[in-house]
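Okay, model-v2.csv is below, CSV, C-alpha atoms and all ligand atoms:
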chain,number,residue,atom,x,y,z
A,1,MET,CA,0.0,0.0,0.0
A,2,ASP,CA,1.3,3.5,-0.8
A,3,CYS,CA,2.2,6.1,1.7
A,4,ARG,CA,-1.0,8.3,1.9
A,5,LYS,CA,-2.9,10.8,3.9
A,6,GLU,CA,-6.1,9.9,5.7
A,7,ASN,CA,-8.7,12.5,4.7
A,8,ALA,CA,-10.2,13.4,8.1
A,9,LEU,CA,-6.8,13.5,9.8
A,10,SER,CA,-3.3,14.7,9.1
A,11,LEU,CA,-2.2,11.1,9.7
A,12,THR,CA,0.5,10.0,7.3
A,13,VAL,CA,0.5,6.2,6.8
A,14,ARG,CA,4.0,4.8,6.3
A,15,PRO,CA,4.5,2.4,3.5
A,16,VAL,CA,5.6,-1.2,4.2
A,17,VAL,CA,7.7,-3.7,2.2
A,18,GLY,CA,5.1,-6.6,1.9
A,19,SER,CA,1.6,-6.3,3.2
A,20,ARG,CA,0.1,-4.1,5.9
A,21,ALA,CA,-0.7,-6.1,9.1
A,22,LYS,CA,-4.0,-6.0,11.0
A,23,ILE,CA,-5.6,-7.7,14.0
A,24,THR,CA,-8.4,-9.9,12.8
A,25,ALA,CA,-9.6,-11.6,16.0
A,26,LEU,CA,-9.2,-11.3,19.8
A,27,GLY,CA,-9.7,-13.8,22.6
A,28,THR,CA,-9.1,-13.5,26.3
A,29,TYR,CA,-9.1,-15.6,29.5
A,30,VAL,CA,-9.0,-15.0,33.2
A,31,PRO,CA,-9.2,-17.9,35.7
A,32,PRO,CA,-12.5,-18.1,37.7
A,33,GLN,CA,-11.0,-17.8,41.2
A,34,ILE,CA,-11.1,-14.2,42.6
A,35,LEU,CA,-8.9,-12.7,45.3
A,36,THR,CA,-10.6,-9.5,46.7
A,37,ASN,CA,-9.1,-6.7,48.7
A,38,GLN,CA,-11.1,-8.1,51.7
A,39,ASP,CA,-9.3,-11.4,51.2
A,40,LEU,CA,-5.9,-9.6,51.3
A,41,GLU,CA,-6.9,-7.8,54.5
A,42,LYS,CA,-6.7,-11.3,56.1
A,43,LEU,CA,-3.2,-11.9,54.8
A,44,VAL,CA,-1.4,-8.6,55.3
A,45,ASP,CA,-1.8,-5.3,57.1
A,46,THR,CA,-3.8,-3.5,54.4
A,47,ASN,CA,-7.3,-2.3,53.7
A,48,ASP,CA,-9.7,-1.9,50.8
A,49,GLN,CA,-9.6,1.9,51.0
A,50,TRP,CA,-5.8,2.1,50.7
A,51,ILE,CA,-5.6,-0.3,47.8
A,52,MET,CA,-8.4,1.4,45.9
A,53,GLU,CA,-7.0,4.9,46.5
A,54,ARG,CA,-3.4,4.1,45.8
A,55,THR,CA,-3.9,1.6,42.9
A,56,GLY,CA,-7.6,1.5,41.7
A,57,ILE,CA,-7.7,-2.3,42.2
A,58,LYS,CA,-10.7,-4.1,43.8
A,59,GLU,CA,-10.0,-7.7,42.9
A,60,ARG,CA,-7.8,-9.9,40.8
A,61,HIS,CA,-8.0,-13.4,39.4
A,62,VAL,CA,-5.8,-16.3,40.5
A,63,LEU,CA,-4.8,-19.3,38.4
A,64,ALA,CA,-5.7,-22.7,40.0
A,65,LYS,CA,-3.0,-25.0,41.2
A,66,GLY,CA,-1.8,-27.4,38.5
A,67,LEU,CA,-2.2,-24.9,35.7
A,68,GLY,CA,0.3,-22.7,34.0
A,69,VAL,CA,0.4,-19.6,31.8
A,70,SER,CA,0.2,-21.9,28.7
A,71,ASP,CA,-3.3,-22.8,29.9
A,72,ILE,CA,-4.3,-19.1,30.0
A,73,CYS,CA,-2.9,-18.7,26.5
A,74,THR,CA,-4.6,-21.9,25.2
A,75,GLU,CA,-8.0,-20.8,26.4
A,76,ALA,CA,-7.5,-17.3,24.9
A,77,ALA,CA,-6.2,-18.7,21.7
A,78,LYS,CA,-9.1,-21.1,21.3
A,79,LYS,CA,-11.6,-18.2,21.7
A,80,CYS,CA,-9.6,-16.1,19.2
A,81,LEU,CA,-9.6,-18.8,16.6
A,82,ALA,CA,-13.3,-19.6,17.2
A,83,THR,CA,-14.1,-15.9,16.6
A,84,ARG,CA,-12.2,-15.9,13.4
A,85,GLY,CA,-13.7,-19.3,12.4
A,86,ILE,CA,-10.4,-20.9,11.4
A,87,PRO,CA,-8.7,-24.2,12.6
A,88,ALA,CA,-5.5,-24.1,14.7
A,89,THR,CA,-3.7,-25.8,11.8
A,90,ASP,CA,-4.0,-22.5,9.8
A,91,ILE,CA,-1.6,-20.8,12.3
A,92,GLU,CA,1.9,-20.4,11.0
A,93,VAL,CA,3.6,-18.7,14.0
A,94,ILE,CA,2.9,-18.4,17.7
A,95,ILE,CA,4.5,-15.7,19.8
A,96,VAL,CA,3.9,-15.5,23.5
A,97,GLY,CA,4.8,-12.5,25.6
A,98,THR,CA,5.2,-13.6,29.2
A,99,VAL,CA,7.6,-13.4,32.2
A,100,THR,CA,5.9,-16.2,34.1
A,101,PRO,CA,6.3,-19.1,31.6
A,102,ASP,CA,5.2,-22.6,32.7
A,103,MET,CA,8.9,-23.5,33.0
A,104,MET,CA,12.4,-22.3,31.9
A,105,PHE,CA,12.1,-24.4,28.8
A,106,PRO,CA,10.4,-25.5,26.6
A,107,SER,CA,8.9,-22.2,25.7
A,108,THR,CA,5.3,-21.4,26.4
A,109,ALA,CA,4.8,-21.0,22.6
A,110,CYS,CA,5.7,-24.7,22.2
A,111,LEU,CA,3.3,-25.8,24.9
A,112,VAL,CA,0.5,-23.7,23.4
A,113,GLN,CA,1.2,-25.1,19.9
A,114,ASP,CA,0.7,-28.6,21.2
A,115,LYS,CA,-2.4,-27.8,23.4
A,116,ILE,CA,-4.3,-26.0,20.6
A,117,GLY,CA,-3.1,-28.5,17.9
A,118,ALA,CA,-1.4,-25.9,15.7
A,119,LYS,CA,0.4,-28.6,13.7
A,120,GLY,CA,3.0,-27.1,11.4
A,121,ALA,CA,3.4,-23.8,13.4
A,122,TRP,CA,6.6,-22.6,14.9
A,123,GLY,CA,7.1,-20.0,17.7
A,124,PHE,CA,8.9,-18.5,20.6
A,125,ASP,CA,8.5,-16.5,23.8
A,126,VAL,CA,9.2,-12.8,24.3
A,127,SER,CA,10.4,-11.5,27.7
A,128,GLY,CA,9.4,-7.9,27.9
A,129,GLY,CA,7.9,-7.6,31.4
A,130,CYS,CA,4.6,-5.8,31.3
A,131,SER,CA,5.5,-4.6,27.7
A,132,GLY,CA,5.6,-8.3,26.7
A,133,PHE,CA,2.4,-8.3,24.7
A,134,VAL,CA,3.4,-5.1,22.8
A,135,TYR,CA,6.8,-6.6,22.0
A,136,ALA,CA,5.3,-9.9,20.9
A,137,LEU,CA,2.8,-8.0,18.7
A,138,LEU,CA,5.6,-5.9,17.1
A,139,ALA,CA,7.5,-9.1,16.2
A,140,GLY,CA,4.3,-10.6,14.7
A,141,VAL,CA,3.5,-7.4,12.8
A,142,LYS,CA,6.9,-7.4,11.2
A,143,MET,CA,6.5,-11.1,10.1
A,144,VAL,CA,3.2,-10.3,8.4
A,145,GLU,CA,4.6,-7.0,6.9
A,146,SER,CA,7.6,-8.9,5.4
A,147,GLY,CA,5.1,-10.9,3.4
A,148,SER,CA,6.5,-14.2,4.8
A,149,TYR,CA,3.5,-15.1,7.0
A,150,LYS,CA,-0.3,-14.7,6.8
A,151,LYS,CA,-1.5,-16.0,10.1
A,152,VAL,CA,0.5,-15.1,13.3
A,153,LEU,CA,-1.0,-15.8,16.7
A,154,VAL,CA,0.2,-13.4,19.4
A,155,CYS,CA,-0.4,-14.1,23.1
A,156,GLY,CA,0.2,-11.9,26.1
A,157,ALA,CA,-0.4,-13.5,29.5
A,158,ASP,CA,1.1,-13.8,33.0
A,159,ALA,CA,0.4,-15.7,36.2
A,160,ASN,CA,2.0,-13.2,38.5
A,161,THR,CA,0.3,-14.6,41.7
A,162,ARG,CA,2.7,-17.5,41.4
A,163,MET,CA,5.7,-15.2,41.9
A,164,THR,CA,4.1,-13.0,44.5
A,165,ASP,CA,5.1,-12.8,48.2
A,166,TYR,CA,1.8,-12.7,50.2
A,167,THR,CA,3.7,-11.2,53.2
A,168,ASP,CA,4.8,-8.2,51.2
A,169,ARG,CA,1.9,-5.8,51.3
A,170,THR,CA,3.1,-3.3,48.8
A,171,THR,CA,3.6,-5.9,46.1
A,172,CYS,CA,0.9,-8.5,46.7
A,173,VAL,CA,-2.0,-6.1,46.3
A,174,ILE,CA,-1.1,-5.3,42.7
A,175,PHE,CA,-0.8,-8.5,40.8
A,176,GLY,CA,-3.3,-10.9,39.2
A,177,ASP,CA,-3.4,-13.6,36.5
A,178,GLY,CA,-4.9,-13.6,33.0
A,179,GLY,CA,-4.2,-12.7,29.4
A,180,GLY,CA,-5.3,-12.8,25.8
A,181,ALA,CA,-4.5,-13.6,22.2
A,182,VAL,CA,-4.8,-11.8,18.9
A,183,LEU,CA,-4.6,-13.0,15.3
A,184,LEU,CA,-2.5,-11.0,12.9
A,185,GLU,CA,-3.1,-11.2,9.2
A,186,PRO,CA,-2.4,-9.1,6.1
A,187,ALA,CA,-4.7,-6.1,5.7
A,188,GLU,CA,-7.2,-5.9,2.8
A,189,GLU,CA,-7.0,-3.2,0.2
A,190,GLY,CA,-8.1,0.1,1.8
A,191,GLU,CA,-7.4,-1.1,5.4
A,192,ILE,CA,-4.5,0.4,7.4
A,193,GLY,CA,-4.1,-1.8,10.5
A,194,PHE,CA,-0.7,-1.3,12.2
A,195,ILE,CA,0.6,2.2,11.7
A,196,ASP,CA,3.7,2.9,13.9
A,197,SER,CA,5.4,2.0,17.1
A,198,LEU,CA,8.0,3.5,19.5
A,199,SER,CA,9.8,1.3,22.0
A,200,GLU,CA,12.8,1.6,24.2
A,201,VAL,CA,14.5,-0.2,27.1
A,202,ASP,CA,16.5,1.2,30.0
A,203,GLY,CA,18.4,-1.7,31.6
A,204,SER,CA,19.6,0.5,34.5
A,205,GLY,CA,16.0,0.2,35.8
A,206,GLY,CA,16.4,-3.6,36.3
A,207,VAL,CA,17.3,-3.1,39.9
A,208,SER,CA,13.9,-1.6,40.7
A,209,LEU,CA,11.7,-4.5,39.4
A,210,ASN,CA,13.0,-8.1,39.1
A,211,LEU,CA,12.8,-11.7,40.0
A,212,LYS,CA,16.3,-12.8,40.8
A,213,GLY,CA,16.1,-16.5,41.7
A,214,GLY,CA,15.9,-19.5,39.4
A,215,GLY,CA,18.0,-18.1,36.5
A,216,SER,CA,21.6,-18.8,35.6
A,217,LEU,CA,23.0,-16.2,37.9
A,218,ASN,CA,21.1,-17.4,41.0
A,219,PRO,CA,20.0,-21.0,40.3
A,220,THR,CA,17.3,-22.2,42.8
A,221,SER,CA,18.8,-23.4,46.0
A,222,HIS,CA,17.7,-23.5,49.7
A,223,GLU,CA,19.5,-20.2,50.0
A,224,THR,CA,17.6,-18.5,47.2
A,225,VAL,CA,14.4,-19.7,48.6
A,226,ASP,CA,15.3,-18.6,52.2
A,227,LYS,CA,16.1,-15.1,50.7
A,228,LYS,CA,12.7,-15.1,48.9
A,229,MET,CA,14.5,-14.6,45.6
A,230,HIS,CA,11.7,-16.6,43.8
A,231,TYR,CA,9.3,-13.7,44.4
A,232,ILE,CA,8.9,-10.4,42.5
A,233,PHE,CA,11.0,-7.7,44.0
A,234,GLN,CA,9.6,-4.2,43.4
A,235,ASP,CA,10.7,-0.7,44.4
A,236,GLY,CA,7.2,0.7,43.9
A,237,PRO,CA,7.8,4.4,43.9
A,238,ALA,CA,10.8,4.1,41.5
A,239,VAL,CA,8.7,2.1,39.1
A,240,TYR,CA,5.8,4.5,39.5
A,241,LYS,CA,8.0,7.6,38.6
A,242,PHE,CA,9.5,5.9,35.6
A,243,ALA,CA,6.1,4.7,34.3
A,244,VAL,CA,4.4,8.1,34.6
A,245,ARG,CA,7.3,9.9,32.9
A,246,LYS,CA,8.0,7.4,30.1
A,247,MET,CA,4.4,6.5,29.2
A,248,SER,CA,3.5,10.1,28.6
A,249,GLU,CA,6.8,11.0,26.9
A,250,THR,CA,6.7,8.1,24.5
A,251,THR,CA,3.0,8.2,23.6
A,252,ALA,CA,3.2,11.9,23.0
A,253,LYS,CA,6.2,11.4,20.7
A,254,LEU,CA,4.5,8.6,18.8
A,255,LEU,CA,1.3,10.6,18.2
A,256,GLU,CA,3.2,13.7,17.2
A,257,ARG,CA,5.4,12.0,14.6
A,258,ASN,CA,2.2,10.5,13.0
A,259,GLY,CA,0.4,13.9,12.9
A,260,VAL,CA,-2.3,13.0,15.4
A,261,THR,CA,-3.4,14.1,18.8
A,262,GLY,CA,-5.1,12.4,21.7
A,263,ALA,CA,-8.4,13.8,20.5
A,264,ASP,CA,-8.1,11.9,17.2
A,265,LEU,CA,-8.0,8.5,19.0
A,266,GLY,CA,-11.0,6.2,19.3
A,267,CYS,CA,-9.4,5.0,22.5
A,268,PHE,CA,-6.2,4.7,24.5
A,269,ILE,CA,-5.4,1.2,25.8
A,270,PRO,CA,-2.7,1.5,28.4
A,271,HIS,CA,-1.1,-1.2,30.5
A,272,GLN,CA,-3.0,-1.6,33.8
A,273,ALA,CA,-0.4,-1.2,36.5
A,274,ASN,CA,-1.9,1.5,38.6
A,275,LYS,CA,-4.9,3.7,37.9
A,276,ARG,CA,-3.0,6.8,38.9
A,277,ILE,CA,-0.3,6.1,36.2
A,278,ILE,CA,-3.1,5.7,33.6
A,279,THR,CA,-4.9,8.9,34.5
A,280,ALA,CA,-1.7,10.9,34.7
A,281,THR,CA,-0.7,9.8,31.2
A,282,ALA,CA,-4.2,10.5,29.8
A,283,GLU,CA,-4.1,13.9,31.3
A,284,ARG,CA,-0.7,14.7,29.7
A,285,LEU,CA,-2.1,13.5,26.3
A,286,GLY,CA,-5.1,15.7,26.8
A,287,MET,CA,-7.4,12.7,26.5
A,288,ASP,CA,-11.0,12.6,27.9
A,289,LEU,CA,-11.1,9.7,30.4
A,290,ASP,CA,-14.1,8.3,28.5
A,291,HIS,CA,-11.8,7.2,25.8
A,292,VAL,CA,-9.2,5.7,28.1
A,293,ILE,CA,-9.7,2.0,28.9
A,294,ILE,CA,-9.4,1.1,32.5
A,295,ASN,CA,-10.3,-2.3,33.9
A,296,ILE,CA,-7.7,-2.6,36.6
A,297,GLU,CA,-10.4,-2.7,39.3
A,298,LYS,CA,-11.4,-6.2,38.1
A,299,TYR,CA,-8.1,-7.7,37.1
A,300,GLY,CA,-5.2,-5.9,38.8
A,301,ASN,CA,-1.9,-6.0,37.0
A,302,THR,CA,-1.7,-9.1,34.8
A,303,SER,CA,1.6,-7.9,33.2
A,304,ALA,CA,1.6,-9.0,29.5
A,305,GLY,CA,-2.1,-9.9,29.9
A,306,THR,CA,-3.4,-6.4,30.5
A,307,ILE,CA,-3.5,-5.0,27.0
A,308,PRO,CA,-5.5,-7.8,25.4
A,309,LEU,CA,-7.8,-7.9,28.4
A,310,ALA,CA,-8.3,-4.1,28.1
A,311,MET,CA,-9.0,-4.5,24.3
A,312,GLU,CA,-11.8,-6.9,25.3
A,313,THR,CA,-13.2,-4.4,27.8
A,314,ALA,CA,-13.0,-1.7,25.1
A,315,VAL,CA,-15.0,-3.8,22.6
A,316,GLU,CA,-17.5,-4.8,25.3
A,317,GLU,CA,-18.0,-1.1,26.3
A,318,GLY,CA,-18.5,-0.1,22.6
A,319,LYS,CA,-15.3,2.1,22.8
A,320,LEU,CA,-13.4,0.1,20.1
A,321,LYS,CA,-15.0,0.0,16.7
A,322,LYS,CA,-13.9,-0.7,13.2
A,323,GLY,CA,-11.9,2.2,11.8
A,324,ASP,CA,-10.9,3.7,15.2
A,325,LEU,CA,-7.4,4.9,15.8
A,326,VAL,CA,-6.0,3.1,18.8
A,327,LEU,CA,-3.0,3.8,21.0
A,328,LEU,CA,-1.4,1.0,23.0
A,329,ALA,CA,1.2,1.7,25.7
A,330,ALA,CA,3.1,-0.3,28.3
A,331,VAL,CA,5.9,0.1,30.7
A,332,GLY,CA,7.5,-2.9,32.5
A,333,ALA,CA,10.4,-4.6,34.1
A,334,GLY,CA,13.7,-4.0,32.4
A,335,PHE,CA,12.7,-1.2,32.3
A,336,THR,CA,10.8,-1.7,29.0
A,337,VAL,CA,8.6,0.7,27.1
A,338,GLY,CA,6.4,-0.2,24.2
A,339,THR,CA,3.8,1.9,22.3
A,340,VAL,CA,1.8,1.2,19.2
A,341,LEU,CA,-0.5,3.2,17.0
A,342,LEU,CA,-2.9,1.2,14.9
A,343,ARG,CA,-6.3,1.3,13.2
A,344,TRP,CA,-8.8,-1.3,14.5
A,345,GLU,CA,-10.1,-3.2,11.4
A,346,ILE,CA,-12.5,-5.7,13.0
A,401,LIG,C1,3.3,0.0,44.7
A,401,LIG,C2,2.5,1.3,44.9
A,401,LIG,C3,1.0,1.0,44.7
A,401,LIG,C4,2.8,1.8,46.3
A,401,LIG,O1,2.1,3.1,46.4
A,401,LIG,P1,2.9,4.3,46.9
A,401,LIG,O2,1.9,5.4,47.0
A,401,LIG,O3,4.1,4.5,46.1
A,401,LIG,O4,3.2,3.8,48.4
A,401,LIG,P2,4.6,3.8,49.1
A,401,LIG,O5,5.4,2.5,48.7
A,401,LIG,O6,5.3,5.1,49.0
A,401,LIG,O7,4.1,3.6,50.6
A,401,LIG,C5,3.4,4.6,51.2
A,401,LIG,C6,2.9,4.1,52.6
A,401,LIG,O8,1.9,3.1,52.4
A,401,LIG,C7,2.2,1.9,53.1
A,401,LIG,N1,1.7,0.8,52.3
A,401,LIG,C8,2.3,0.1,51.3
A,401,LIG,N2,1.6,-0.8,50.9
A,401,LIG,C9,0.4,-0.8,51.6
A,401,LIG,C10,-0.8,-1.5,51.6
A,401,LIG,N3,-1.0,-2.6,50.8
A,401,LIG,N4,-1.7,-1.2,52.5
A,401,LIG,C11,-1.6,-0.2,53.4
A,401,LIG,N5,-0.5,0.6,53.4
A,401,LIG,C12,0.5,0.3,52.5
A,401,LIG,C13,3.8,2.0,53.1
A,401,LIG,O9,4.3,1.2,54.2
A,401,LIG,C14,4.0,3.4,53.4
A,401,LIG,O10,3.8,3.7,54.7
A,401,LIG,P3,4.7,4.8,55.5
A,401,LIG,O11,4.5,6.1,54.8
A,401,LIG,O12,4.2,4.7,56.9
A,401,LIG,O13,6.1,4.3,55.3
A,401,LIG,C15,3.0,2.3,43.8
A,401,LIG,O14,4.3,2.7,44.1
A,401,LIG,C16,2.9,1.7,42.4
A,401,LIG,O15,1.9,1.5,41.9
A,401,LIG,N6,4.1,1.6,41.8
A,401,LIG,C17,4.2,1.1,40.4
A,401,LIG,C18,4.0,-0.4,40.4
A,401,LIG,C19,3.9,-0.9,39.1
A,401,LIG,O16,3.5,-0.3,38.2
A,401,LIG,N7,4.4,-2.2,39.0
A,401,LIG,C20,4.4,-2.9,37.8
A,401,LIG,C21,5.2,-2.4,36.8
A,401,LIG,S1,4.7,-2.8,35.2
Please re-express this file's structure in structure tokens.
Amino acid sequence: MDCRKENALSLTVRPVVGSRAKITALGTYVPPQILTNQDLEKLVDTNDQWIMERTGIKERHVLAKGLGVSDICTEAAKKCLATRGIPATDIEVIIVGTVTPDMMFPSTACLVQDKIGAKGAWGFDVSGGCSGFVYALLAGVKMVESGSYKKVLVCGADANTRMTDYTDRTTCVIFGDGGGAVLLEPAEEGEIGFIDSLSEVDGSGGVSLNLKGGGSLNPTSHETVDKKMHYIFQDGPAVYKFAVRKMSETTAKLLERNGVTGADLGCFIPHQANKRIITATAERLGMDLDHVIINIEKYGNTSAGTIPLAMETAVEEGKLKKGDLVLLAAVGAGFTVGTVLLRWEI
């Protein structure tokens, strides 16, 4: 497709080498078990009012024992494929954004390939912290745009409660389990789909949010377990400051270089880490909160799962319709930053 101007906007659509890529289906999954703020009051010294005021979270979902992130992805992928009406054997590539894989290896993508029966597909995992879905999406988009692939399944999911220390009150109130999957395919003539993205990492921020145990540096031992290195470590205020600054800086830059403003967007779908981070970013973009998708109250922070889950909320609330310009933005452990501008074509 040629580089061209959209009539109603000053948006310039960049040309691509092969075909433009678009999202053609969405599926999500959250496990049925719910952990409320009242439940947490029984575990740590906290209360519903503090959690609601400081984070905006009321409850989160918890994956049942015996299941892994591959099960969340599998359920979401099945719904995604059913919506599109195609068999799993049509999938060529599976990319999973997660930092809570079932195990160190094989990759979650391999487990999902087997569970959904995507015979003939290949795939891999992407570790981008809470930006994991955005990074997996970007990898998938480039595969479609190259002209090499026509059906790429992108999952974003995490089972954070597995890595959470339920004696650490600042961390345990935030995280939940869940995720989703989207199908990427070439856009039809006249459709735009994926427009542009802006991502960056700042590895110096790794000290503020990490899980140190179980890797090659600190393989699991009695000592790593005694030191609670198998749990998420978070310096909340440091992460908060970085997230507010970077989310607004990067999204503003992405919109500006594409000739659009917050007012041109159908909706803004941010990572759901803290309601205050979302509203601060929306304010800086000059966006009416009516067009900002917030579902953190129901799910908490599901890391790579938040954006597909928020896409589902946006569709359900009638805030994401065919032809809408959509801005996605995430900040996560690394630090990682990922933003995407696309046109919704479903
Ligand atoms: C974690 C977070 C909610 C904490 O909120 P905060 O306003 O920064 O709170 P602080 O850590 O400064 O703590 C403020 C006070 O509340 C207390 N507190 C912390 N957790 C509490 C809880 N669950 N219940 C009640 N009080 C709590 C602290 O002990 C502290 O008390 P003090 O002032 O007496 O020392 C917030 O920093 C945050 O959301 N950070 C970003 C997290 C994030 O995005 N993570 C994922 C990255 S993708």
Residues within 8 Å of Lys151 of chain A, please, as a PyMOL selection string. Count all atoms listed in the file; anything in the same chain fewer than 6 positions from it doesn't count. chain A and resi 90-93+144+183-185
12 Å contact set for Pro106 of chain A, all atoms listed in the file, chain neighbours under 6 positions out, as a PyMOL selection string:
chain A and resi 70+112-114+123-125
Pick out the residues no farther than 7 Å from ligand LIG 401 (chain A), counting all atoms listed in the file, and list them as a compact mmCIF listing (two decimals) with C-alpha atoms, in the coordinates of the input.
# COMPACT_ATOMS: atom_id res chain seq x y z
CA ASP A 45 -1.80 -5.30 57.10
CA THR A 46 -3.80 -3.50 54.40
CA ASN A 47 -7.30 -2.30 53.70
CA TRP A 50 -5.80 2.10 50.70
CA ILE A 51 -5.60 -0.30 47.80
CA ARG A 54 -3.40 4.10 45.80
CA THR A 55 -3.90 1.60 42.90
CA GLY A 129 7.90 -7.60 31.40
CA CYS A 130 4.60 -5.80 31.30
CA ARG A 169 1.90 -5.80 51.30
CA THR A 170 3.10 -3.30 48.80
CA THR A 171 3.60 -5.90 46.10
CA VAL A 173 -2.00 -6.10 46.30
CA ILE A 174 -1.10 -5.30 42.70
CA GLY A 236 7.20 0.70 43.90
CA PRO A 237 7.80 4.40 43.90
CA VAL A 239 8.70 2.10 39.10
CA TYR A 240 5.80 4.50 39.50
CA ALA A 243 6.10 4.70 34.30
CA ALA A 273 -0.40 -1.20 36.50
CA ASN A 274 -1.90 1.50 38.60
CA SER A 303 1.60 -7.90 33.20
CA VAL A 331 5.90 0.10 30.70
CA GLY A 332 7.50 -2.90 32.50
CA ALA A 333 10.40 -4.60 34.10
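With distances restricted to only C-alpha atoms, A:Asp165 is the closest residue to Met229 of chain A from A:Asp158, A:Asp102, A:Asp165, A:Asp39.
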### Task
Work out how far apart atom CA of Val152 of chain A and atom CA of Gly178 of chain A are and give it in Å to one decimal.
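About the pair atom CA of Val152 of chain A and atom CA of Gly178 of chain A: they are 20.5 Å apart.
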Open item on the list: So, with only C-alpha atoms as the atoms that count, which of A:Leu40, A:Leu9, A:Ala157, A:Ile34 lies closest to Ala77 of chain A?
Closed with: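 Ranking A:Leu40, A:Leu9, A:Ala157, A:Ile34 by distance to Ala77 of chain A, first place goes to A:Ala157.
Picture a line from atom CA of Leu11 of chain A to atom CA of Gly259 of chain A; it runs 5.0 Å.
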Separating atom CA of Leu342 of chain A from atom CA of Ser197 of chain A, to the nearest tenth of an Å, is a gap of 8.6 Å
Closest of A:Gly128, A:Glu345, A:Glu41, A:Leu328 to Gly203 of chain A, counting all atoms listed in the file, is A:Gly128
9 Å contact set for segment 94-100 of chain A, all atoms listed in the file, chain neighbours under 3 positions out, as a PyMOL selection string: chain A and resi 68-69+73+91+103+107-110+112-113+118+121-137+139-140+152-160+162-163+181+303-305
Include C-alpha atoms and write out the residues we just selected as a compact mmCIF listing (two decimals), keeping the file's coordinate frame.
# COMPACT_ATOMS: atom_id res chain seq x y z
CA GLY A 68 0.30 -22.70 34.00
CA VAL A 69 0.40 -19.60 31.80
CA CYS A 73 -2.90 -18.70 26.50
CA ILE A 91 -1.60 -20.80 12.30
CA MET A 103 8.90 -23.50 33.00
CA SER A 107 8.90 -22.20 25.70
CA THR A 108 5.30 -21.40 26.40
CA ALA A 109 4.80 -21.00 22.60
CA CYS A 110 5.70 -24.70 22.20
CA VAL A 112 0.50 -23.70 23.40
CA GLN A 113 1.20 -25.10 19.90
CA ALA A 118 -1.40 -25.90 15.70
CA ALA A 121 3.40 -23.80 13.40
CA TRP A 122 6.60 -22.60 14.90
CA GLY A 123 7.10 -20.00 17.70
CA PHE A 124 8.90 -18.50 20.60
CA ASP A 125 8.50 -16.50 23.80
CA VAL A 126 9.20 -12.80 24.30
CA SER A 127 10.40 -11.50 27.70
CA GLY A 128 9.40 -7.90 27.90
CA GLY A 129 7.90 -7.60 31.40
CA CYS A 130 4.60 -5.80 31.30
CA SER A 131 5.50 -4.60 27.70
CA GLY A 132 5.60 -8.30 26.70
CA PHE A 133 2.40 -8.30 24.70
CA VAL A 134 3.40 -5.10 22.80
CA TYR A 135 6.80 -6.60 22.00
CA ALA A 136 5.30 -9.90 20.90
CA LEU A 137 2.80 -8.00 18.70
CA ALA A 139 7.50 -9.10 16.20
CA GLY A 140 4.30 -10.60 14.70
CA VAL A 152 0.50 -15.10 13.30
CA LEU A 153 -1.00 -15.80 16.70
CA VAL A 154 0.20 -13.40 19.40
CA CYS A 155 -0.40 -14.10 23.10
CA GLY A 156 0.20 -11.90 26.10
CA ALA A 157 -0.40 -13.50 29.50
CA ASP A 158 1.10 -13.80 33.00
CA ALA A 159 0.40 -15.70 36.20
CA ASN A 160 2.00 -13.20 38.50
CA ARG A 162 2.70 -17.50 41.40
CA MET A 163 5.70 -15.20 41.90
CA ALA A 181 -4.50 -13.60 22.20
CA SER A 303 1.60 -7.90 33.20
CA ALA A 304 1.60 -9.00 29.50
CA GLY A 305 -2.10 -9.90 29.90
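Shortest separation to Pro186 of chain A among A:Arg20, A:Lys241, A:Lys298, A:Arg14 occurs at residue A:Arg20, atoms counted being all atoms listed in the file.
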>> I want to know what sits within 7 Å of segment 209-219 of chain A, based on only C-alpha atoms, with residues of the same chain fewer than 5 positions away left out; could you give that as a PyMOL selection string?
In response: chain A and resi 224+229-235+333
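Closest to Ile346 of chain A among A:Leu138, A:Ala187, A:Cys267, A:Ile294 is A:Ala187, based on only C-alpha atoms.
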